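A.B. asks: One structure follows; several queries about it will come next.
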Amino acid sequence: MKKRIFLLVFSFGLLYTVPSFAQYNTGIGLRAGVTNGLTVKHFISQDAAIEGLLHARWGGFLVTGLYEVHRDIREVKGLQWFFGGGVHLGTWNTRNISNKNRPPWAEPNTSYSVFGLNGIIGLDYKFQDAPIGLGLDWKPAINLGYYNYGWDEVALSIRYVF
């Protein structure tokens, strides 16, 4: 089922997109969702950006670096879809989490170091008359070590763009 949804979204994107023209150079802002934190996105070419995230989850902090390919959507000026991937590194600390909120795989009062790979797919919108950008994305992760995957990372980002 997940493969079918991905293929449908990917096919739609190929049919209704044109080569991208970056709507802004750099955006700095907040990310809210399953993980909350800070986001910085910088376009390195007309259709490619790098994004850095500093975000919190399960009592710890993670740093994520992503490479993203952007494509314009013809029907809506300022709206792009994007896809890409990257890596993350950080810690989880169950000492700061109540038993009710602790992940089922985690031992109580334990710290974990995490490192892994990320994918990302989403939408990015730059308001035409304001220096504000919005992003909505899904960022699945595969960890190398404890807790093997994280498919639930959906987030909304709001950035000041310049």
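Ordering of the structure tokens sets the chain letters (A, B, ...), residue numbers begin anew at 1 in every chain, and ligands are numbered from 1 in the order given.
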What lies within 10 Å of stretch 48-63 of chain A using only C-alpha atoms, ignoring chain neighbours under 2 positions off, as a count of residues only?

C.D. replies: 57

A.B. asks: Nearest to A:Ile73: which of A:Asn109, A:Gly133, A:Asp124, A:Leu117 is it, counting only C-alpha atoms?

C.D. replies: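 Answer, going by the shortest atom-to-atom distance: A:Asp124.
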
A.B. asks: Rounded to one decimal, what separation in Å do you get between atom CA of A:Gly33 and atom CA of A:Arg74?

C.D. replies: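 Interatomic distance here is 27.8 Å.
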
A.B. asks: So that I can see what lies close to stretch 136-153 of chain A, please list as an MDAnalysis selection string the residues with an atom at most 6 Å from it, counting only C-alpha atoms and leaving out residues fewer than 3 positions away in the same chain.

C.D. replies: chainID A and resid 34 115:123 156

A.B. asks: Those same residues - C-alpha atoms - I'd like them written as a short mmCIF file (atom, residue, chain, number, x, y, z; two decimals), in the first residue's frame.

C.D. replies:
data_model
loop_
_atom_site.label_atom_id
_atom_site.label_comp_id
_atom_site.auth_asym_id
_atom_site.auth_seq_id
_atom_site.Cartn_x
_atom_site.Cartn_y
_atom_site.Cartn_z
CA VAL A 34 6.38 14.73 15.68
CA PHE A 115 22.84 7.70 13.77
CA GLY A 116 21.00 6.93 10.57
CA LEU A 117 19.64 7.79 7.16
CA ASN A 118 16.66 9.99 6.26
CA GLY A 119 14.41 10.42 3.27
CA ILE A 120 12.18 13.45 2.77
CA ILE A 121 9.27 14.40 0.53
CA GLY A 122 7.08 17.44 0.88
CA LEU A 123 5.71 20.79 -0.24
CA LEU A 156 5.10 21.84 9.37
#

A.B. asks: Using Å and a single decimal, report how far atom CA of A:Ile132 sits from atom CA of A:Tyr160.

C.D. replies: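 Answer for the atom CA of A:Tyr160 to atom CA of A:Ile132 separation: 4.9 Å.
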
A.B. asks: What does the structure give for the distance between atom CA of A:Phe162 and atom CA of A:Tyr24, in Å to one decimal?

C.D. replies: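 Going from atom CA of A:Phe162 over to atom CA of A:Tyr24 covers 6.0 Å.
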
A.B. asks: Identify which of the residues A:Asp72, A:Gln23, A:Lys77, A:Ala155 lies closest to A:Pro131, counting only C-alpha atoms when measuring atom-to-atom distances.

C.D. replies: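 Among A:Asp72, A:Gln23, A:Lys77, A:Ala155, it is A:Gln23 that comes nearest to A:Pro131.
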